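The file upload04.cif contains mmCIF, C-alpha atoms and all ligand atoms:
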```cif
data_target
#
loop_
_atom_site.group_PDB
_atom_site.id
_atom_site.type_symbol
_atom_site.label_atom_id
_atom_site.label_comp_id
_atom_site.auth_asym_id
_atom_site.auth_seq_id
_atom_site.Cartn_x
_atom_site.Cartn_y
_atom_site.Cartn_z
ATOM 1 C CA MET A 1 -57.830 -54.809 39.660
ATOM 2 C CA LYS A 2 -57.659 -55.055 43.456
ATOM 3 C CA TYR A 3 -55.243 -53.093 45.659
ATOM 4 C CA GLN A 4 -53.371 -56.338 46.417
ATOM 5 C CA GLU A 5 -52.887 -57.171 42.743
ATOM 6 C CA ILE A 6 -51.669 -53.785 41.668
ATOM 7 C CA LEU A 7 -49.356 -53.656 44.695
ATOM 8 C CA ASN A 8 -47.779 -56.956 43.695
ATOM 9 C CA HIS A 9 -47.411 -55.813 40.141
ATOM 10 C CA GLY A 10 -45.773 -52.549 41.245
ATOM 11 C CA SER A 11 -43.322 -54.472 43.465
ATOM 12 C CA LYS A 12 -42.450 -56.762 40.596
ATOM 13 C CA ILE A 13 -41.627 -53.868 38.286
ATOM 14 C CA LEU A 14 -39.504 -52.194 40.958
ATOM 15 C CA LYS A 15 -37.674 -55.437 41.701
ATOM 16 C CA LEU A 16 -36.898 -55.902 38.007
ATOM 17 C CA ASN A 17 -35.402 -52.424 38.065
ATOM 18 C CA ASP A 18 -33.149 -53.235 41.024
ATOM 19 C CA ILE A 19 -34.973 -51.132 43.580
ATOM 20 C CA LYS A 20 -33.994 -52.767 46.891
ATOM 21 C CA SER A 21 -37.045 -51.795 48.939
ATOM 22 C CA PHE A 22 -39.481 -52.862 46.197
ATOM 23 C CA ASN A 23 -42.345 -54.047 48.451
ATOM 24 C CA LEU A 24 -42.311 -51.084 50.782
ATOM 25 C CA ASP A 25 -41.928 -48.606 47.934
ATOM 26 C CA SER A 26 -44.831 -50.095 46.015
ATOM 27 C CA GLU A 27 -46.998 -49.708 49.137
ATOM 28 C CA ILE A 28 -45.872 -46.128 49.683
ATOM 29 C CA LEU A 29 -46.506 -45.174 46.063
ATOM 30 C CA LEU A 30 -49.957 -46.747 46.055
ATOM 31 C CA SER A 31 -50.848 -44.950 49.299
ATOM 32 C CA LEU A 32 -49.687 -41.703 47.721
ATOM 33 C CA THR A 33 -51.785 -42.362 44.630
ATOM 34 C CA LEU A 34 -54.885 -43.168 46.656
ATOM 35 C CA LYS A 35 -54.179 -40.394 49.184
ATOM 36 C CA ILE A 36 -54.591 -42.750 52.117
ATOM 37 C CA ASP A 37 -52.002 -43.840 54.662
ATOM 38 C CA ARG A 38 -50.222 -47.161 54.442
ATOM 39 C CA SER A 39 -52.211 -48.796 57.238
ATOM 40 C CA GLN A 40 -55.478 -47.894 55.474
ATOM 41 C CA LEU A 41 -54.128 -49.411 52.310
ATOM 42 C CA LEU A 42 -53.132 -52.656 54.010
ATOM 43 C CA LEU A 43 -56.541 -52.949 55.662
ATOM 44 C CA ASN A 44 -58.341 -52.653 52.343
ATOM 45 C CA LEU A 45 -56.433 -54.928 50.012
ATOM 46 C CA ASP A 46 -59.647 -56.259 48.465
ATOM 47 C CA LYS A 47 -60.815 -52.844 47.262
ATOM 48 C CA ARG A 48 -60.636 -52.038 43.584
ATOM 49 C CA VAL A 49 -58.526 -49.312 41.976
ATOM 50 C CA GLU A 50 -60.063 -46.980 39.440
ATOM 51 C CA ASN A 51 -58.503 -46.600 36.014
ATOM 52 C CA LYS A 52 -57.272 -43.110 36.681
ATOM 53 C CA GLU A 53 -55.597 -44.201 39.898
ATOM 54 C CA LYS A 54 -54.027 -47.109 38.075
ATOM 55 C CA LYS A 55 -52.492 -44.780 35.534
ATOM 56 C CA ASN A 56 -51.174 -42.444 38.228
ATOM 57 C CA PHE A 57 -49.705 -45.344 40.189
ATOM 58 C CA TYR A 58 -47.819 -46.726 37.190
ATOM 59 C CA ASN A 59 -46.503 -43.276 36.519
ATOM 60 C CA LEU A 60 -45.018 -43.140 40.043
ATOM 61 C CA ILE A 61 -43.667 -46.677 39.684
ATOM 62 C CA GLU A 62 -41.885 -45.561 36.552
ATOM 63 C CA ARG A 63 -40.322 -42.609 38.342
ATOM 64 C CA ARG A 64 -39.154 -44.826 41.190
ATOM 65 C CA SER A 65 -37.837 -47.422 38.707
ATOM 66 C CA ASN A 66 -35.718 -44.624 37.394
ATOM 67 C CA ASN A 67 -34.236 -44.337 40.931
ATOM 68 C CA GLU A 68 -35.997 -41.121 41.818
ATOM 69 C CA PRO A 69 -36.080 -41.053 45.646
ATOM 70 C CA ILE A 70 -39.466 -41.483 47.352
ATOM 71 C CA ALA A 71 -39.003 -38.106 49.071
ATOM 72 C CA TYR A 72 -38.866 -36.277 45.721
ATOM 73 C CA ILE A 73 -41.869 -38.217 44.436
ATOM 74 C CA SER A 74 -43.956 -37.490 47.525
ATOM 75 C CA GLY A 75 -42.485 -33.992 47.896
ATOM 76 C CA TYR A 76 -41.951 -34.425 51.638
ATOM 77 C CA LYS A 77 -39.502 -35.863 54.129
ATOM 78 C CA ASP A 78 -39.811 -36.299 57.889
ATOM 79 C CA PHE A 79 -36.841 -34.945 59.790
ATOM 80 C CA TRP A 80 -36.460 -34.475 63.546
ATOM 81 C CA LYS A 81 -40.019 -33.611 64.632
ATOM 82 C CA SER A 82 -41.433 -32.101 61.439
ATOM 83 C CA LYS A 83 -42.285 -32.735 57.847
ATOM 84 C CA PHE A 84 -40.243 -30.768 55.307
ATOM 85 C CA LYS A 85 -41.127 -29.994 51.751
ATOM 86 C CA VAL A 86 -38.317 -31.147 49.469
ATOM 87 C CA ASP A 87 -37.627 -31.191 45.753
ATOM 88 C CA LYS A 88 -34.718 -31.870 43.449
ATOM 89 C CA ASN A 89 -33.110 -28.547 44.331
ATOM 90 C CA VAL A 90 -32.289 -29.596 47.883
ATOM 91 C CA LEU A 91 -30.624 -32.511 49.586
ATOM 92 C CA ILE A 92 -33.068 -34.910 51.239
ATOM 93 C CA PRO A 93 -32.685 -34.529 55.030
ATOM 94 C CA ARG A 94 -30.871 -37.570 56.510
ATOM 95 C CA PRO A 95 -31.369 -39.172 59.925
ATOM 96 C CA ASP A 96 -27.591 -38.843 60.463
ATOM 97 C CA THR A 97 -27.934 -35.082 60.409
ATOM 98 C CA GLU A 98 -30.116 -35.305 63.513
ATOM 99 C CA THR A 99 -26.827 -35.836 65.399
ATOM 100 C CA LEU A 100 -26.053 -32.205 64.616
ATOM 101 C CA ILE A 101 -29.438 -31.081 65.970
ATOM 102 C CA GLU A 102 -28.931 -32.998 69.231
ATOM 103 C CA GLN A 103 -25.552 -31.360 69.779
ATOM 104 C CA VAL A 104 -26.862 -27.866 69.166
ATOM 105 C CA LEU A 105 -29.858 -28.390 71.454
ATOM 106 C CA ASP A 106 -27.533 -29.697 74.177
ATOM 107 C CA GLU A 107 -25.670 -26.430 73.932
ATOM 108 C CA LEU A 108 -28.719 -24.160 74.141
ATOM 109 C CA ASP A 109 -30.807 -24.106 77.283
ATOM 110 C CA ILE A 110 -34.509 -23.665 76.755
ATOM 111 C CA ASN A 111 -34.502 -19.895 77.399
ATOM 112 C CA SER A 112 -31.360 -18.991 75.521
ATOM 113 C CA SER A 113 -31.672 -16.319 72.885
ATOM 114 C CA LYS A 114 -28.723 -16.953 70.606
ATOM 115 C CA LYS A 115 -28.202 -15.937 67.023
ATOM 116 C CA ILE A 116 -27.493 -18.839 64.710
ATOM 117 C CA LEU A 117 -26.120 -19.012 61.172
ATOM 118 C CA ASP A 118 -26.732 -22.074 58.974
ATOM 119 C CA ILE A 119 -24.390 -22.280 55.988
ATOM 120 C CA GLY A 120 -25.769 -24.218 53.015
ATOM 121 C CA THR A 121 -29.210 -24.470 54.494
ATOM 122 C CA GLY A 122 -30.888 -26.447 51.683
ATOM 123 C CA SER A 123 -34.463 -27.223 52.721
ATOM 124 C CA GLY A 124 -33.806 -25.316 55.956
ATOM 125 C CA CYS A 125 -34.348 -28.526 57.932
ATOM 126 C CA ILE A 126 -31.536 -27.976 60.434
ATOM 127 C CA LEU A 127 -32.165 -24.360 61.342
ATOM 128 C CA ILE A 128 -35.946 -24.710 61.382
ATOM 129 C CA SER A 129 -35.785 -27.788 63.638
ATOM 130 C CA ILE A 130 -33.539 -25.965 66.106
ATOM 131 C CA LEU A 131 -35.573 -22.759 66.199
ATOM 132 C CA LYS A 132 -38.756 -24.736 66.772
ATOM 133 C CA GLU A 133 -37.189 -26.175 69.931
ATOM 134 C CA ARG A 134 -35.676 -22.907 71.170
ATOM 135 C CA LYS A 135 -38.331 -20.239 70.917
ATOM 136 C CA ARG A 136 -36.100 -17.284 71.790
ATOM 137 C CA CYS A 137 -33.334 -17.987 69.332
ATOM 138 C CA SER A 138 -33.205 -16.474 65.878
ATOM 139 C CA GLY A 139 -31.373 -17.506 62.761
ATOM 140 C CA VAL A 140 -30.090 -16.800 59.298
ATOM 141 C CA GLY A 141 -29.778 -19.531 56.682
ATOM 142 C CA ILE A 142 -27.818 -18.965 53.503
ATOM 143 C CA ASP A 143 -27.625 -21.041 50.368
ATOM 144 C CA ILE A 144 -25.980 -20.625 47.003
ATOM 145 C CA SER A 145 -29.125 -21.927 45.305
ATOM 146 C CA LYS A 146 -31.996 -19.501 44.803
ATOM 147 C CA LYS A 147 -34.450 -22.345 44.481
ATOM 148 C CA ALA A 148 -33.285 -23.870 47.759
ATOM 149 C CA VAL A 149 -33.782 -20.533 49.515
ATOM 150 C CA LYS A 150 -37.307 -20.314 48.167
ATOM 151 C CA LEU A 151 -38.093 -23.779 49.491
ATOM 152 C CA ALA A 152 -36.509 -23.073 52.884
ATOM 153 C CA LYS A 153 -38.661 -19.933 53.190
ATOM 154 C CA TYR A 154 -41.743 -21.980 52.407
ATOM 155 C CA ASN A 155 -40.782 -24.546 55.083
ATOM 156 C CA ALA A 156 -40.281 -21.806 57.673
ATOM 157 C CA LYS A 157 -43.643 -20.342 56.797
ATOM 158 C CA ILE A 158 -45.633 -23.555 57.127
ATOM 159 C CA GLN A 159 -43.904 -24.219 60.453
ATOM 160 C CA HIS A 160 -44.835 -20.693 61.607
ATOM 161 C CA ILE A 161 -41.351 -19.541 62.472
ATOM 162 C CA ASP A 162 -40.766 -17.158 59.611
ATOM 163 C CA ASN A 163 -40.658 -14.232 62.076
ATOM 164 C CA ARG A 164 -37.416 -15.494 63.667
ATOM 165 C CA ILE A 165 -35.659 -16.751 60.612
ATOM 166 C CA LYS A 166 -34.170 -15.204 57.484
ATOM 167 C CA PHE A 167 -33.110 -17.107 54.421
ATOM 168 C CA LEU A 168 -30.739 -15.427 52.001
ATOM 169 C CA ASN A 169 -29.413 -16.415 48.629
ATOM 170 C CA SER A 170 -25.677 -16.047 49.125
ATOM 171 C CA ASP A 171 -22.414 -17.764 48.609
ATOM 172 C CA ILE A 172 -20.412 -18.088 51.842
ATOM 173 C CA ASP A 173 -17.525 -16.313 50.139
ATOM 174 C CA ASN A 174 -19.528 -13.118 49.797
ATOM 175 C CA PHE A 175 -21.383 -13.247 53.067
ATOM 176 C CA CYS A 176 -20.252 -10.879 55.782
ATOM 177 C CA ARG A 177 -23.373 -9.814 57.596
ATOM 178 C CA ASP A 178 -23.350 -9.765 61.445
ATOM 179 C CA LYS A 179 -21.711 -11.977 64.031
ATOM 180 C CA TYR A 180 -23.231 -15.160 65.360
ATOM 181 C CA ASP A 181 -23.198 -17.119 68.605
ATOM 182 C CA LEU A 182 -23.426 -20.418 66.808
ATOM 183 C CA ILE A 183 -22.652 -21.491 63.274
ATOM 184 C CA ILE A 184 -23.950 -24.746 61.841
ATOM 185 C CA SER A 185 -23.277 -26.447 58.569
ATOM 186 C CA ASN A 186 -23.811 -29.722 56.800
ATOM 187 C CA PRO A 187 -21.552 -28.882 53.864
ATOM 188 C CA PRO A 188 -20.957 -30.797 50.640
ATOM 189 C CA TYR A 189 -18.123 -33.102 51.648
ATOM 190 C CA ILE A 190 -17.913 -35.875 49.081
ATOM 191 C CA LYS A 191 -14.788 -36.174 46.935
ATOM 192 C CA GLN A 192 -15.587 -35.256 43.345
ATOM 193 C CA LEU A 193 -14.364 -38.607 42.035
ATOM 194 C CA GLU A 194 -16.411 -40.546 44.582
ATOM 195 C CA ILE A 195 -19.742 -39.060 43.538
ATOM 196 C CA ASN A 196 -19.904 -41.669 40.811
ATOM 197 C CA ASP A 197 -19.747 -44.474 43.397
ATOM 198 C CA LEU A 198 -22.832 -43.265 45.251
ATOM 199 C CA ASP A 199 -26.236 -44.953 44.893
ATOM 200 C CA LYS A 200 -28.113 -44.033 41.747
ATOM 201 C CA ASP A 201 -30.863 -42.536 43.905
ATOM 202 C CA ILE A 202 -28.340 -39.978 45.093
ATOM 203 C CA LYS A 203 -26.006 -39.400 42.153
ATOM 204 C CA ASN A 204 -28.745 -39.214 39.536
ATOM 205 C CA HIS A 205 -31.239 -37.131 41.487
ATOM 206 C CA GLU A 206 -29.864 -35.128 44.404
ATOM 207 C CA PRO A 207 -28.228 -31.766 43.626
ATOM 208 C CA LYS A 208 -24.508 -32.125 42.881
ATOM 209 C CA VAL A 209 -23.839 -28.736 44.420
ATOM 210 C CA ALA A 210 -25.020 -30.134 47.769
ATOM 211 C CA LEU A 211 -22.725 -33.165 47.564
ATOM 212 C CA ASP A 212 -19.569 -32.109 45.763
ATOM 213 C CA GLY A 213 -16.740 -31.270 48.154
ATOM 214 C CA GLY A 214 -14.199 -30.696 45.381
ATOM 215 C CA VAL A 215 -11.099 -32.694 44.478
ATOM 216 C CA ASP A 216 -10.200 -33.744 48.038
ATOM 217 C CA GLY A 217 -13.660 -33.405 49.623
ATOM 218 C CA TYR A 218 -12.555 -30.475 51.824
ATOM 219 C CA CYS A 219 -13.096 -27.588 49.458
ATOM 220 C CA LYS A 220 -16.276 -26.331 51.156
ATOM 221 C CA ILE A 221 -15.288 -27.464 54.656
ATOM 222 C CA ARG A 222 -12.132 -25.332 54.412
ATOM 223 C CA LEU A 223 -14.031 -22.328 53.137
ATOM 224 C CA ILE A 224 -16.752 -22.607 55.761
ATOM 225 C CA ILE A 225 -14.294 -22.920 58.643
ATOM 226 C CA LYS A 226 -12.220 -19.996 57.389
ATOM 227 C CA LYS A 227 -15.225 -17.722 56.907
ATOM 228 C CA SER A 228 -16.824 -18.845 60.161
ATOM 229 C CA SER A 229 -13.805 -17.730 62.086
ATOM 230 C CA ASN A 230 -14.738 -14.136 61.078
ATOM 231 C CA LEU A 231 -18.492 -14.506 61.363
ATOM 232 C CA ILE A 232 -18.531 -16.070 64.818
ATOM 233 C CA LYS A 233 -18.459 -14.224 68.130
ATOM 234 C CA LYS A 234 -15.572 -14.921 70.504
ATOM 235 C CA LYS A 235 -16.236 -18.200 72.336
ATOM 236 C CA GLY A 236 -18.912 -18.980 69.769
ATOM 237 C CA LYS A 237 -19.343 -22.569 68.657
ATOM 238 C CA LEU A 238 -19.158 -24.151 65.244
ATOM 239 C CA PHE A 239 -21.124 -27.362 64.562
ATOM 240 C CA LEU A 240 -20.052 -29.204 61.438
ATOM 241 C CA GLU A 241 -21.260 -32.405 59.881
ATOM 242 C CA ILE A 242 -18.425 -34.334 58.241
ATOM 243 C CA GLY A 243 -17.998 -37.458 56.149
ATOM 244 C CA ILE A 244 -16.378 -40.762 56.990
ATOM 245 C CA ASN A 245 -12.624 -40.433 57.583
ATOM 246 C CA GLN A 246 -12.658 -36.638 57.544
ATOM 247 C CA THR A 247 -12.090 -36.147 61.272
ATOM 248 C CA ARG A 248 -8.318 -35.696 61.364
ATOM 249 C CA GLU A 249 -8.000 -33.270 58.492
ATOM 250 C CA THR A 250 -11.016 -31.243 59.642
ATOM 251 C CA LEU A 251 -9.488 -30.931 63.130
ATOM 252 C CA LYS A 252 -6.320 -29.587 61.564
ATOM 253 C CA ILE A 253 -8.232 -26.983 59.549
ATOM 254 C CA LEU A 254 -10.191 -25.985 62.650
ATOM 255 C CA ASN A 255 -7.051 -25.430 64.720
ATOM 256 C CA LEU A 256 -5.422 -23.416 61.954
ATOM 257 C CA ASN A 257 -8.418 -21.085 62.057
ATOM 258 C CA GLY A 258 -8.577 -20.586 65.812
ATOM 259 C CA PHE A 259 -11.137 -23.243 66.724
ATOM 260 C CA TYR A 260 -10.258 -25.443 69.708
ATOM 261 C CA LYS A 261 -11.878 -27.417 72.540
ATOM 262 C CA THR A 262 -13.140 -29.831 69.950
ATOM 263 C CA ARG A 263 -15.649 -32.593 70.537
ATOM 264 C CA ILE A 264 -16.334 -35.366 68.036
ATOM 265 C CA VAL A 265 -19.747 -37.014 67.995
ATOM 266 C CA LYS A 266 -20.740 -40.315 66.441
ATOM 267 C CA ASP A 267 -23.923 -40.907 64.458
ATOM 268 C CA LEU A 268 -26.493 -43.709 64.750
ATOM 269 C CA SER A 269 -24.156 -46.144 63.028
ATOM 270 C CA SER A 270 -21.194 -45.223 65.268
ATOM 271 C CA LYS A 271 -19.349 -43.217 62.632
ATOM 272 C CA ASN A 272 -17.749 -39.867 63.439
ATOM 273 C CA ARG A 273 -20.354 -37.496 62.039
ATOM 274 C CA CYS A 274 -20.204 -34.183 63.796
ATOM 275 C CA ILE A 275 -17.481 -31.891 65.101
ATOM 276 C CA VAL A 276 -18.194 -29.205 67.668
ATOM 277 C CA SER A 277 -15.524 -26.610 68.329
ATOM 278 C CA THR A 278 -15.127 -23.261 70.031
ATOM 279 C CA LYS A 279 -13.584 -20.089 68.655
ATOM 280 C CA ILE A 280 -10.931 -18.916 71.057
HETATM 281 N N1 LIG B 1 -28.292 -28.243 55.414
HETATM 282 C C1 LIG B 1 -29.023 -29.066 54.520
HETATM 283 C C2 LIG B 1 -29.241 -30.449 55.089
HETATM 284 O O1 LIG B 1 -28.578 -30.876 55.984
HETATM 285 C C3 LIG B 1 -28.341 -29.164 53.171
HETATM 286 C C4 LIG B 1 -26.964 -29.748 53.247
HETATM 287 C C5 LIG B 1 -26.263 -29.719 51.896
HETATM 288 O O2 LIG B 1 -26.840 -29.271 50.904
HETATM 289 N N2 LIG B 1 -25.057 -30.211 51.852
HETATM 290 O O3 LIG B 1 -30.095 -31.165 54.654
#
```

Rewrite the coordinates I just gave you, this time as structure tokens.
Amino acid sequence: MKYQEILNHGSKILKLNDIKSFNLDSEILLSLTLKIDRSQLLLNLDKRVENKEKKNFYNLIERRSNNEPIAYISGYKDFWKSKFKVDKNVLIPRPDTETLIEQVLDELDINSSKKILDIGTGSGCILISILKERKRCSGVGIDISKKAVKLAKYNAKIQHIDNRIKFLNSDIDNFCRDKYDLIISNPPYIKQLEINDLDKDIKNHEPKVALDGGVDGYCKIRLIIKKSSNLIKKKGKLFLEIGINQTRETLKILNLNGFYKTRIVKDLSSKNRCIVSTKI
């Protein structure tokens, strides 16, 4: 069987299983199987696949047909300027979250040496991306999941910034170590009842604990803002990612906890995505 034929067959199976990006995904999965990049694959469509490769490819096609995201199958996701290792224990980094990174970097000049806390760090993608851009800053990332913390540590290590970063397995409720100049969080903010309406890729594979914002969607946002007001230095800034239509209520919670001078930032698709506020 030639590359072209097996590619077409893979696409067909994915299409039958309602995978929207069936052509692209078939190409990505065949490149992964053959350990070549996509351009190499497309330049060699007349080459033949070996039996072992064929078997491995169909195995990946089956996983994708089952809605497993490409990032979990490949084990990696590009975010900001780096590649992050990901698995089913952490949320897959989203391009929208880069809005948060831009805001934080705007705030920190190149020589600043601030201390940053990342609440619910997951793969560590946010904190690691920021510390890579600001060489004198240091940071702590906490996560309720032990497995996420292990992965975040691994990501920091392969990016060679493990000397300026600490990852701890802790719930925000029980965390009271130090004071920080900046606090960042991309918390779980989806209403419990709306999790079922999400794409199968997300609801069947990404960790619920990273998505579930409780009955009204604000359960973690409330907790994070409240705790941050004690963990942040005076005039420190809090950078929060929020969901669609959560701006007004989040602003209210911020004000109640002493955060003012608020700025709202839109994401790539012009939705309110990030709130920056200052502790007075
Ligand atoms: N901070 C991580 C990210 O943005 C995880 C966020 C989460 O688990 N809600 O990818």

Shell around region 221-227 of chain A at 10 Å using only C-alpha atoms, local window under 4 positions removed, as a PyMOL selection string: chain A and resi 119-120+172-176+183-189+213-214+217+231-232+238+240-242+246+249-250+253-259

Put a box with edges along x, y and z around all the listed atoms of region 43-61 of chain A, pad it by 5 Å on each side, then give me its centre and sizes in Å, one decimal, as JSON.
```
{"center_x": -52.2, "center_y": -49.4, "center_z": 45.6, "size_x": 27.1, "size_y": 23.8, "size_z": 30.1}
```

Please, which residues have at least one atom within 10 Å of an atom of ligand LIG 1 (chain B), using all atoms listed in the file, listed as a PyMOL selection string? chain A and resi 79+86+89-98+100+118-127+141-145+148+152+184-190+206-213+220+241

For Ile280 (chain A), list every protein, DNA or RNA residue within 10 Å, evaluated using only C-alpha atoms, and leave out those in the same chain fewer than 2 positions away; present the list as a list in words.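 The residues satisfying every condition are Ser229, Lys233, Lys234, Lys235, Gly236, Lys237, Asn255, Asn257, Gly258, Phe259, Tyr260, Lys261, Ser277 and Thr278 of chain A.
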
Evaluate the PyMOL selection byres (((chain A and resi 138) around 7) and not hetatm) against this structure - the residues, as a VMD selection string, please. chain A and resid 114 to 116 131 136 to 137 139 164 to 165

Nearest residue to Gln159 (chain A) from the set A:Lys81, A:His205, A:Lys146, A:Lys179 (distances using all atoms listed in the file):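 When distances to Gln159 (chain A) are compared using all atoms listed in the file, the smallest one comes from A:Lys81.
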